[in-house]
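Chemist: Okay, so here is start-v1.pdb, and as you'll see once you scroll down, it has PDB, C-alpha atoms.
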ATOM      1  CA  MET A   1     -14.058  27.392   2.277
ATOM      2  CA  SER A   2     -13.014  30.193  -0.064
ATOM      3  CA  GLU A   3     -10.167  31.255   2.183
ATOM      4  CA  THR A   4      -7.614  31.111  -0.608
ATOM      5  CA  GLY A   5      -9.324  33.747  -2.700
ATOM      6  CA  THR A   6      -8.098  32.082  -5.896
ATOM      7  CA  ALA A   7     -10.215  31.769  -9.015
ATOM      8  CA  ASP A   8     -10.271  27.973  -8.853
ATOM      9  CA  PRO A   9     -12.680  26.877 -11.608
ATOM     10  CA  SER A  10     -13.889  23.926  -9.530
ATOM     11  CA  PRO A  11     -13.936  24.933  -5.861
ATOM     12  CA  HIS A  12     -12.941  21.998  -3.768
ATOM     13  CA  HIS A  13     -13.456  21.314  -0.115
ATOM     14  CA  LEU A  14     -10.055  20.044   0.891
ATOM     15  CA  PRO A  15     -10.222  17.689   3.895
ATOM     16  CA  THR A  16      -8.946  19.243   7.105
ATOM     17  CA  VAL A  17      -5.831  17.075   7.477
ATOM     18  CA  LEU A  18      -4.603  18.193   4.041
ATOM     19  CA  LYS A  19      -5.329  21.896   4.553
ATOM     20  CA  HIS A  20      -2.694  24.319   5.696
ATOM     21  CA  PRO A  21      -1.497  24.267   8.337
ATOM     22  CA  GLN A  22      -0.920  20.529   7.946
ATOM     23  CA  SER A  23       0.559  18.558  10.830
ATOM     24  CA  ARG A  24       4.300  18.078  10.674
ATOM     25  CA  SER A  25       3.738  14.355  10.127
ATOM     26  CA  VAL A  26       1.524  14.954   7.092
ATOM     27  CA  GLN A  27       3.986  17.496   5.673
ATOM     28  CA  LEU A  28       6.827  14.999   6.007
ATOM     29  CA  LEU A  29       4.843  12.187   4.383
ATOM     30  CA  LEU A  30       3.754  14.333   1.426
ATOM     31  CA  GLU A  31       7.369  15.428   0.856
ATOM     32  CA  SER A  32       8.845  11.991   1.502
ATOM     33  CA  ARG A  33      10.444   9.519  -0.871
ATOM     34  CA  LEU A  34       7.900   6.882   0.092
ATOM     35  CA  PRO A  35       5.801   5.349  -2.652
ATOM     36  CA  ALA A  36       2.072   5.963  -2.377
ATOM     37  CA  ARG A  37       0.112   2.729  -2.314
ATOM     38  CA  MET A  38      -2.811   3.349  -4.628
ATOM     39  CA  ALA A  39      -5.977   1.222  -4.589
ATOM     40  CA  TRP A  40      -8.768   1.197  -7.139
ATOM     41  CA  VAL A  41     -11.606  -0.993  -8.326
ATOM     42  CA  ASP A  42     -11.288  -2.832 -11.625
ATOM     43  CA  GLY A  43     -13.938  -3.547 -14.246
ATOM     44  CA  ASP A  44     -14.937  -6.748 -12.451
ATOM     45  CA  GLY A  45     -15.520  -4.867  -9.211
ATOM     46  CA  ARG A  46     -12.371  -6.366  -7.695
ATOM     47  CA  PRO A  47      -9.704  -4.460  -5.726
ATOM     48  CA  GLN A  48      -6.353  -3.533  -7.229
ATOM     49  CA  VAL A  49      -3.325  -1.997  -5.545
ATOM     50  CA  ALA A  50       0.037  -0.675  -6.714
ATOM     51  CA  PRO A  51       2.939   1.337  -5.285
ATOM     52  CA  MET A  52       3.326   4.582  -7.254
ATOM     53  CA  TRP A  53       5.476   7.679  -7.213
ATOM     54  CA  PHE A  54       3.437  10.754  -6.408
ATOM     55  CA  GLU A  55       3.611  14.497  -6.017
ATOM     56  CA  TRP A  56       1.424  16.536  -3.709
ATOM     57  CA  HIS A  57       0.618  19.775  -5.534
ATOM     58  CA  GLY A  58      -1.696  22.382  -4.094
ATOM     59  CA  ASP A  59      -4.898  20.520  -3.353
ATOM     60  CA  SER A  60      -4.215  17.438  -5.487
ATOM     61  CA  LEU A  61      -2.202  14.240  -5.450
ATOM     62  CA  LEU A  62      -0.563  13.751  -8.849
ATOM     63  CA  ILE A  63       0.338  10.252 -10.016
ATOM     64  CA  SER A  64       1.707   9.447 -13.464
ATOM     65  CA  THR A  65       1.382   6.170 -15.269
ATOM     66  CA  PHE A  66       2.436   5.021 -18.710
ATOM     67  CA  THR A  67       0.150   5.078 -21.725
ATOM     68  CA  GLY A  68      -0.883   1.522 -22.440
ATOM     69  CA  SER A  69      -0.788   0.476 -18.788
ATOM     70  CA  ARG A  70      -3.581  -1.956 -17.967
ATOM     71  CA  LYS A  71      -4.450   0.296 -15.022
ATOM     72  CA  LEU A  72      -5.867   2.783 -17.499
ATOM     73  CA  ASP A  73      -8.646   0.364 -18.430
ATOM     74  CA  ASP A  74     -10.014   1.148 -14.959
ATOM     75  CA  LEU A  75      -8.606   4.595 -14.230
ATOM     76  CA  VAL A  76     -10.892   6.881 -16.198
ATOM     77  CA  ASP A  77     -12.236  10.337 -15.404
ATOM     78  CA  GLY A  78     -14.293  10.153 -12.229
ATOM     79  CA  ALA A  79     -12.923   6.801 -11.056
ATOM     80  CA  HIS A  80     -12.173   6.724  -7.340
ATOM     81  CA  LEU A  81      -8.849   6.048  -5.641
ATOM     82  CA  ALA A  82      -7.860   5.258  -2.089
ATOM     83  CA  VAL A  83      -4.234   6.098  -1.324
ATOM     84  CA  THR A  84      -2.058   5.476   1.702
ATOM     85  CA  ILE A  85       1.312   7.139   2.202
ATOM     86  CA  ASP A  86       2.722   5.451   5.267
ATOM     87  CA  THR A  87       6.035   4.567   6.845
ATOM     88  CA  SER A  88       7.182   0.947   6.793
ATOM     89  CA  ASP A  89       8.802   1.125  10.234
ATOM     90  CA  PHE A  90       7.248   1.266  13.664
ATOM     91  CA  PRO A  91       6.040   3.634  15.100
ATOM     92  CA  TYR A  92       3.989   4.059  11.943
ATOM     93  CA  ARG A  93       2.797   7.358  10.535
ATOM     94  CA  SER A  94       0.293   7.559   7.718
ATOM     95  CA  VAL A  95      -1.868   9.851   5.684
ATOM     96  CA  LYS A  96      -4.695   8.377   3.673
ATOM     97  CA  MET A  97      -6.901  10.066   1.131
ATOM     98  CA  TRP A  98      -9.894   9.167  -0.999
ATOM     99  CA  GLY A  99     -11.466  10.825  -3.992
ATOM    100  CA  PRO A 100     -12.164  10.907  -7.707
ATOM    101  CA  ILE A 101      -9.528  11.429 -10.371
ATOM    102  CA  SER A 102      -9.261  13.327 -13.597
ATOM    103  CA  VAL A 103      -7.119  11.756 -16.299
ATOM    104  CA  GLU A 104      -4.828  13.957 -18.414
ATOM    105  CA  PRO A 105      -2.786  12.448 -21.279
ATOM    106  CA  SER A 106       0.737  13.805 -21.777
ATOM    107  CA  GLU A 107       3.109  13.697 -24.737
ATOM    108  CA  GLY A 108       6.231  12.205 -23.237
ATOM    109  CA  LEU A 109       6.758  12.114 -19.492
ATOM    110  CA  THR A 110       4.731  14.439 -17.293
ATOM    111  CA  ASP A 111       6.544  17.270 -15.531
ATOM    112  CA  SER A 112       5.175  15.884 -12.281
ATOM    113  CA  TYR A 113       6.822  12.505 -12.921
ATOM    114  CA  ARG A 114      10.157  14.188 -13.634
ATOM    115  CA  ARG A 115       9.949  16.106 -10.371
ATOM    116  CA  ALA A 116       8.904  12.997  -8.436
ATOM    117  CA  SER A 117      11.755  10.946  -9.900
ATOM    118  CA  ARG A 118      14.299  13.586  -8.855
ATOM    119  CA  ARG A 119      12.798  13.816  -5.388
ATOM    120  CA  VAL A 120      12.867  10.043  -4.903
ATOM    121  CA  LEU A 121      16.101   9.100  -6.671
ATOM    122  CA  GLY A 122      18.042  12.345  -6.362
ATOM    123  CA  ASP A 123      18.814  14.780  -9.178
ATOM    124  CA  VAL A 124      21.383  12.737 -11.105
ATOM    125  CA  ALA A 125      19.757   9.311 -10.925
ATOM    126  CA  GLY A 126      16.330  10.883 -11.441
ATOM    127  CA  GLU A 127      17.445  12.561 -14.659
ATOM    128  CA  THR A 128      19.083   9.367 -15.891
ATOM    129  CA  TRP A 129      15.948   7.418 -15.117
ATOM    130  CA  CYS A 130      13.747   9.876 -17.011
ATOM    131  CA  ASP A 131      16.145  10.101 -19.967
ATOM    132  CA  ALA A 132      15.824   6.344 -20.428
ATOM    133  CA  LEU A 133      12.031   6.657 -20.534
ATOM    134  CA  ALA A 134      11.768   9.915 -22.471
ATOM    135  CA  SER A 135      10.281   8.315 -25.587
ATOM    136  CA  GLN A 136       7.263   7.076 -23.674
ATOM    137  CA  ASP A 137       3.956   8.855 -23.194
ATOM    138  CA  GLN A 138       2.271   9.143 -19.844
ATOM    139  CA  VAL A 139      -1.083   9.893 -18.322
ATOM    140  CA  LEU A 140      -1.434  12.142 -15.311
ATOM    141  CA  LEU A 141      -3.926  11.048 -12.664
ATOM    142  CA  ARG A 142      -5.068  14.011 -10.606
ATOM    143  CA  LEU A 143      -6.704  12.967  -7.341
ATOM    144  CA  ARG A 144      -8.675  15.671  -5.576
ATOM    145  CA  PRO A 145      -9.262  14.213  -2.118
ATOM    146  CA  VAL A 146     -12.743  14.458  -0.677
ATOM    147  CA  ARG A 147     -11.754  12.601   2.499
ATOM    148  CA  ALA A 148      -8.471  12.154   4.336
ATOM    149  CA  SER A 149      -7.150  10.854   7.630
ATOM    150  CA  GLU A 150      -3.849  10.760   9.421
ATOM    151  CA  SER A 151      -2.343   8.521  12.057
ATOM    152  CA  ASP A 152       0.820   8.942  14.123
ATOM    153  CA  MET A 153       1.718   6.070  16.431
ATOM    154  CA  SER A 154       4.754   7.890  17.766
ATOM    155  CA  SER A 155       2.476   9.766  20.170
ATOM    156  CA  MET A 156       0.529   6.752  21.414
ATOM    157  CA  PRO A 157       0.796   5.486  25.048
ATOM    158  CA  PHE A 158       2.860   2.447  23.961
ATOM    159  CA  MET A 159       5.603   4.833  22.834
ATOM    160  CA  THR A 160       5.554   7.217  25.769
ATOM    161  CA  ALA A 161       4.863   4.982  28.791
ATOM    162  CA  PRO A 162       7.545   2.855  30.444
ATOM    163  CA  THR A 163       7.083  -0.756  29.412
ATOM    164  CA  GLY A 164       7.977  -2.273  32.765
ATOM    165  CA  ASP A 165      10.550  -4.541  31.119
ATOM    166  CA  SER A 166      13.661  -4.995  33.164
TER     167      SER A 166
ATOM    168  CA  MET B 167      -0.943 -29.624  -8.501
ATOM    169  CA  SER B 168      -1.026 -32.316  -5.814
ATOM    170  CA  GLU B 169       2.703 -32.174  -5.259
ATOM    171  CA  THR B 170       2.415 -31.754  -1.501
ATOM    172  CA  GLY B 171       0.576 -34.998  -0.945
ATOM    173  CA  THR B 172      -1.260 -33.440   2.008
ATOM    174  CA  ALA B 173      -4.919 -34.074   2.720
ATOM    175  CA  ASP B 174      -5.877 -30.445   2.154
ATOM    176  CA  PRO B 175      -9.671 -30.360   2.412
ATOM    177  CA  SER B 176      -9.916 -27.584  -0.188
ATOM    178  CA  PRO B 177      -7.222 -28.143  -2.803
ATOM    179  CA  HIS B 178      -5.912 -24.838  -3.941
ATOM    180  CA  HIS B 179      -3.942 -23.907  -7.006
ATOM    181  CA  LEU B 180      -1.261 -21.708  -5.528
ATOM    182  CA  PRO B 181       0.099 -19.183  -8.029
ATOM    183  CA  THR B 182       3.569 -20.029  -9.307
ATOM    184  CA  VAL B 183       5.416 -17.149  -7.644
ATOM    185  CA  LEU B 184       4.153 -18.258  -4.217
ATOM    186  CA  LYS B 185       4.938 -21.955  -4.707
ATOM    187  CA  HIS B 186       8.121 -23.539  -3.469
ATOM    188  CA  PRO B 187      10.744 -22.912  -4.536
ATOM    189  CA  GLN B 188       9.955 -19.198  -4.242
ATOM    190  CA  SER B 189      12.451 -16.650  -5.513
ATOM    191  CA  ARG B 190      14.764 -15.260  -2.862
ATOM    192  CA  SER B 191      13.077 -11.864  -3.244
ATOM    193  CA  VAL B 192       9.622 -13.308  -2.527
ATOM    194  CA  GLN B 193      10.962 -15.288   0.447
ATOM    195  CA  LEU B 194      12.500 -12.145   1.910
ATOM    196  CA  LEU B 195       9.339 -10.106   1.416
ATOM    197  CA  LEU B 196       7.099 -12.742   3.011
ATOM    198  CA  GLU B 197       9.440 -12.958   6.029
ATOM    199  CA  SER B 198      10.036  -9.207   6.233
ATOM    200  CA  ARG B 199       8.872  -6.680   8.800
ATOM    201  CA  LEU B 200       7.151  -4.659   6.079
ATOM    202  CA  PRO B 201       3.452  -3.987   6.449
ATOM    203  CA  ALA B 202       1.260  -5.467   3.732
ATOM    204  CA  ARG B 203      -0.840  -2.828   2.008
ATOM    205  CA  MET B 204      -4.266  -4.391   1.713
ATOM    206  CA  ALA B 205      -6.921  -3.115  -0.695
ATOM    207  CA  TRP B 206     -10.581  -4.042  -0.793
ATOM    208  CA  VAL B 207     -13.883  -2.753  -2.118
ATOM    209  CA  ASP B 208     -16.404  -1.227   0.287
ATOM    210  CA  GLY B 209     -20.179  -1.467   0.265
ATOM    211  CA  ASP B 210     -20.426   1.551  -2.042
ATOM    212  CA  GLY B 211     -18.126  -0.080  -4.592
ATOM    213  CA  ARG B 212     -15.296   2.295  -3.637
ATOM    214  CA  PRO B 213     -11.659   1.318  -3.022
ATOM    215  CA  GLN B 214     -10.186   1.109   0.461
ATOM    216  CA  VAL B 215      -6.575   0.535   1.482
ATOM    217  CA  ALA B 216      -4.762  -0.014   4.775
ATOM    218  CA  PRO B 217      -1.297  -1.097   5.948
ATOM    219  CA  MET B 218      -1.601  -4.322   7.960
ATOM    220  CA  TRP B 219       0.668  -6.767   9.732
ATOM    221  CA  PHE B 220       0.596 -10.152   8.063
ATOM    222  CA  GLU B 221       1.901 -13.677   8.283
ATOM    223  CA  TRP B 222       2.512 -15.955   5.336
ATOM    224  CA  HIS B 223       1.511 -19.444   6.405
ATOM    225  CA  GLY B 224       1.581 -22.401   4.042
ATOM    226  CA  ASP B 225      -0.565 -21.328   1.126
ATOM    227  CA  SER B 226      -2.320 -18.395   2.810
ATOM    228  CA  LEU B 227      -1.724 -14.828   3.843
ATOM    229  CA  LEU B 228      -3.070 -14.294   7.374
ATOM    230  CA  ILE B 229      -4.126 -10.810   8.466
ATOM    231  CA  SER B 230      -5.755 -10.051  11.810
ATOM    232  CA  THR B 231      -8.050  -7.151  12.544
ATOM    233  CA  PHE B 232      -9.988  -6.139  15.625
ATOM    234  CA  THR B 233     -13.607  -7.071  16.226
ATOM    235  CA  GLY B 234     -15.704  -3.985  15.662
ATOM    236  CA  SER B 235     -13.369  -2.567  12.998
ATOM    237  CA  ARG B 236     -15.295  -0.824  10.234
ATOM    238  CA  LYS B 237     -13.306  -2.906   7.751
ATOM    239  CA  LEU B 238     -15.360  -5.897   8.820
ATOM    240  CA  ASP B 239     -18.495  -4.346   7.311
ATOM    241  CA  ASP B 240     -16.836  -5.091   3.966
ATOM    242  CA  LEU B 241     -14.534  -7.992   4.768
ATOM    243  CA  VAL B 242     -16.876 -10.960   4.832
ATOM    244  CA  ASP B 243     -16.390 -14.547   3.690
ATOM    245  CA  GLY B 244     -15.655 -14.550  -0.021
ATOM    246  CA  ALA B 245     -14.731 -10.860  -0.263
ATOM    247  CA  HIS B 246     -11.687 -10.221  -2.429
ATOM    248  CA  LEU B 247      -8.414  -8.588  -1.436
ATOM    249  CA  ALA B 248      -5.502  -7.229  -3.382
ATOM    250  CA  VAL B 249      -2.286  -7.062  -1.352
ATOM    251  CA  THR B 250       1.115  -5.618  -2.094
ATOM    252  CA  ILE B 251       4.174  -6.340   0.031
ATOM    253  CA  ASP B 252       6.832  -4.040  -1.362
ATOM    254  CA  THR B 253       9.965  -2.212  -0.302
ATOM    255  CA  SER B 254       9.808   1.555   0.154
ATOM    256  CA  ASP B 255      13.324   2.136  -1.174
ATOM    257  CA  PHE B 256      14.643   1.970  -4.699
ATOM    258  CA  PRO B 257      15.414  -0.467  -6.320
ATOM    259  CA  TYR B 258      11.945  -1.712  -5.415
ATOM    260  CA  ARG B 259      10.987  -5.327  -4.884
ATOM    261  CA  SER B 260       7.392  -6.426  -4.579
ATOM    262  CA  VAL B 261       5.095  -9.376  -4.371
ATOM    263  CA  LYS B 262       1.403  -8.875  -5.031
ATOM    264  CA  MET B 263      -1.431 -11.294  -4.550
ATOM    265  CA  TRP B 264      -5.159 -11.382  -5.170
ATOM    266  CA  GLY B 265      -7.883 -13.662  -3.928
ATOM    267  CA  PRO B 266     -10.901 -14.295  -1.726
ATOM    268  CA  ILE B 267     -10.805 -14.424   2.047
ATOM    269  CA  SER B 268     -12.374 -16.501   4.733
ATOM    270  CA  VAL B 269     -13.161 -14.737   8.005
ATOM    271  CA  GLU B 270     -12.506 -16.507  11.307
ATOM    272  CA  PRO B 271     -13.460 -14.850  14.625
ATOM    273  CA  SER B 272     -11.066 -15.334  17.548
ATOM    274  CA  GLU B 273     -11.517 -14.952  21.293
ATOM    275  CA  GLY B 274      -8.729 -12.578  22.222
ATOM    276  CA  LEU B 275      -5.802 -11.995  19.885
ATOM    277  CA  THR B 276      -5.103 -14.494  17.141
ATOM    278  CA  ASP B 277      -1.960 -16.597  17.422
ATOM    279  CA  SER B 278      -0.998 -15.262  14.002
ATOM    280  CA  TYR B 279      -1.151 -11.662  15.254
ATOM    281  CA  ARG B 280       1.053 -12.531  18.230
ATOM    282  CA  ARG B 281       3.632 -14.104  15.943
ATOM    283  CA  ALA B 282       3.487 -11.164  13.522
ATOM    284  CA  SER B 283       3.907  -8.635  16.327
ATOM    285  CA  ARG B 284       7.003 -10.445  17.606
ATOM    286  CA  ARG B 285       8.420 -10.693  14.095
ATOM    287  CA  VAL B 286       7.879  -6.992  13.415
ATOM    288  CA  LEU B 287       8.638  -5.460  16.821
ATOM    289  CA  GLY B 288      10.977  -8.058  18.267
ATOM    290  CA  ASP B 289      10.155 -10.508  21.073
ATOM    291  CA  VAL B 290      10.061  -8.097  24.019
ATOM    292  CA  ALA B 291       8.239  -5.184  22.419
ATOM    293  CA  GLY B 292       5.951  -7.589  20.579
ATOM    294  CA  GLU B 293       4.896  -9.259  23.842
ATOM    295  CA  THR B 294       4.370  -5.898  25.523
ATOM    296  CA  TRP B 295       2.286  -4.728  22.600
ATOM    297  CA  CYS B 296       0.097  -7.818  22.705
ATOM    298  CA  ASP B 297      -0.260  -7.741  26.499
ATOM    299  CA  ALA B 298      -1.737  -4.251  26.232
ATOM    300  CA  LEU B 299      -4.299  -5.518  23.713
ATOM    301  CA  ALA B 300      -5.003  -8.916  25.262
ATOM    302  CA  SER B 301      -8.565  -8.058  26.309
ATOM    303  CA  GLN B 302      -9.604  -7.412  22.705
ATOM    304  CA  ASP B 303     -11.089  -9.902  20.285
ATOM    305  CA  GLN B 304      -9.852 -10.259  16.746
ATOM    306  CA  VAL B 305     -10.904 -11.653  13.417
ATOM    307  CA  LEU B 306      -8.508 -13.609  11.235
ATOM    308  CA  LEU B 307      -8.658 -12.900   7.515
ATOM    309  CA  ARG B 308      -7.289 -15.833   5.538
ATOM    310  CA  LEU B 309      -6.401 -14.891   1.969
ATOM    311  CA  ARG B 310      -5.876 -17.810  -0.374
ATOM    312  CA  PRO B 311      -4.250 -16.199  -3.409
ATOM    313  CA  VAL B 312      -5.566 -17.161  -6.814
ATOM    314  CA  ARG B 313      -3.169 -14.814  -8.609
ATOM    315  CA  ALA B 314       0.224 -13.371  -7.717
ATOM    316  CA  SER B 315       3.071 -11.464  -9.320
ATOM    317  CA  GLU B 316       6.537 -10.368  -8.331
ATOM    318  CA  SER B 317       8.824  -7.574  -9.406
ATOM    319  CA  ASP B 318      12.498  -6.976  -8.675
ATOM    320  CA  MET B 319      13.979  -3.749  -9.981
ATOM    321  CA  SER B 320      17.423  -4.628  -8.669
ATOM    322  CA  SER B 321      17.981  -6.738 -11.774
ATOM    323  CA  MET B 322      16.777  -4.191 -14.324
ATOM    324  CA  PRO B 323      19.154  -2.557 -16.846
ATOM    325  CA  PHE B 324      19.077   0.769 -14.972
ATOM    326  CA  MET B 325      20.754  -0.960 -12.044
ATOM    327  CA  THR B 326      23.306  -2.985 -13.931
ATOM    328  CA  ALA B 327      24.383  -0.716 -16.795
ATOM    329  CA  PRO B 328      26.772   2.195 -16.350
ATOM    330  CA  THR B 329      24.815   5.434 -16.334
ATOM    331  CA  GLY B 330      27.331   7.460 -18.316
ATOM    332  CA  ASP B 331      27.345  10.147 -15.637
ATOM    333  CA  SER B 332      30.730  11.684 -15.090
TER     334      SER B 332
END
Show me, as structure tokens, the structure contained in the file I just sent.
Modeler:
Amino acid sequence: MSETGTADPSPHHLPTVLKHPQSRSVQLLLESRLPARMAWVDGDGRPQVAPMWFEWHGDSLLISTFTGSRKLDDLVDGAHLAVTIDTSDFPYRSVKMWGPISVEPSEGLTDSYRRASRRVLGDVAGETWCDALASQDQVLLRLRPVRASESDMSSMPFMTAPTGDS
Amino acid sequence: MSETGTADPSPHHLPTVLKHPQSRSVQLLLESRLPARMAWVDGDGRPQVAPMWFEWHGDSLLISTFTGSRKLDDLVDGAHLAVTIDTSDFPYRSVKMWGPISVEPSEGLTDSYRRASRRVLGDVAGETWCDALASQDQVLLRLRPVRASESDMSSMPFMTAPTGDS
């Protein structure tokens, strides 16, 4: 799986659904304004879940959180995430991914968070949002997926067959 | 916490945000067509997450899944869930809940799933959807939340203060 020819220091077997060429559905989800719903396991072995802004970058899902967040008690180097990026309206489309994270502290907001906020809110509101938070430090969670799946209900028989309703 | 006066066989301390009177935001989320994003911990201690139809009923969140689903390897009586029901568009509103489940097998589809499908898809498409699945058995997951939280960004300063943009 060295098709990229780059000098990646930690070669990574990207799951097929996230490799180029991605399906159009996966492309749209990774570029969408949807929040990623991120699940992890806390120190008591219990599930946790939160909606988070994200940025897909190369072979990684980048998620920023604020220094001091209780999440960071659990989200340490090597911790595992499960993430779903899925539409709220039927017919549903989703991409899910699983893998370990690395945790990278940042002085101030991460560049990834600034880009995500502009993508989600638009340039003006995204800048305003970040300006209001600029004094805060963040931590970048870098998820390198080891497994991924996609689903697209728009191509299922329910959507394409006549329903028989009058 | 016996304010209902009912003969509930297993008295349950419902978290404040889920008790009546609920906030309008929580009411709307629990009656919405949004999928609940459900997180759990698998047999390897790793996080899992999936969007699921749901029904809020009394003091429980009801989620149906199909017999034979791999989820059911993990989702046994007493397993814990974390669930977020949150809007995909800014300003975000969310209700989250955590707690153990009971697992109740059903012959055919659960009544709760039929109601949820009609709520989400509308009466006609919901019936058609269920008719196509009627030969399948389901399992009802009953989550009795022991903790819950809500968030409503529509009332935060960013939304109410002038931004200063020209």
Chemist: Written as a compact mmCIF listing (two decimals) with C-alpha atoms, in the frame of the given file, what is the full residue list that the ChimeraX specification (/A :<6) & /B yields on the file shown?
Modeler:
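Dumped to out_17.txt:
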# COMPACT_ATOMS: atom_id res chain seq x y z
CA LEU B 200 7.15 -4.66 6.08
CA ALA B 205 -6.92 -3.12 -0.70
CA TRP B 206 -10.58 -4.04 -0.79
CA VAL B 207 -13.88 -2.75 -2.12
CA PRO B 213 -11.66 1.32 -3.02
CA GLN B 214 -10.19 1.11 0.46
CA ALA B 248 -5.50 -7.23 -3.38
CA SER B 254 9.81 1.56 0.15
Chemist: Convert the output of the PyMOL selection byres ((chain B and resi 182-185) around 8) on the shown file into explicit residues, formatted as a list in words.
Modeler: Leu180, Pro181, His186, Pro187, Gln188, Ser189, Val192, Asp225, Ala314, Ser315 and Glu316 of chain B
Chemist: When the PyMOL selection byres ((chain B and resi 283) around 12) is applied to the structure above, which residues does it catch, written out as an NGL selection string?
Modeler: (:A and (90)) or (:B and (198-201 or 218-221 or 229-230 or 275-282 or 284-297 or 299))
Chemist: To one decimal in Å, tell me the separation between CA of Arg259 (chain B) and CA of Trp222 (chain B).
Modeler: 17.0 Å
Chemist: One decimal, in Å: what's the spacing between CA of Asp152 (chain A) and CA of Gly234 (chain B)?
Modeler: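 It comes out at 21.0 Å.
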Chemist: Using CA of Leu62 (chain A) and CA of Leu195 (chain B) as the two end points, give the distance in Å to one decimal.
Modeler: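 Taking CA of Leu62 (chain A) as the start and CA of Leu195 (chain B) as the end point, the length is 27.8 Å.
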Chemist: Calculated over all atoms listed in the file, which of the candidates A:Leu28, A:Met153, A:Gln138, A:Gly78 has the smallest distance to Pro100 (chain A)?
Modeler: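 Of A:Leu28, A:Met153, A:Gln138, A:Gly78, the one nearest Pro100 (chain A) is A:Gly78, counting all atoms listed in the file.
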Chemist: Using the file's own x, y and z axes, what box holds all listed atoms of region 111-124 of chain A with 4 Å on each side, keeping edges along x, y and z, and what are its centre and edge lengths in Å to one decimal, as JSON?
Modeler:
{"center_x": 13.3, "center_y": 13.2, "center_z": -10.2, "size_x": 24.2, "size_y": 16.2, "size_z": 18.6}
Chemist: Would you please work out which residue, of A:Asp137, A:Asp77, A:Pro105, A:Ser25, is nearest to Ser155 (chain A) when using only C-alpha atoms?
Modeler: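 Counting only C-alpha atoms, the residue closest to Ser155 (chain A) is A:Ser25.
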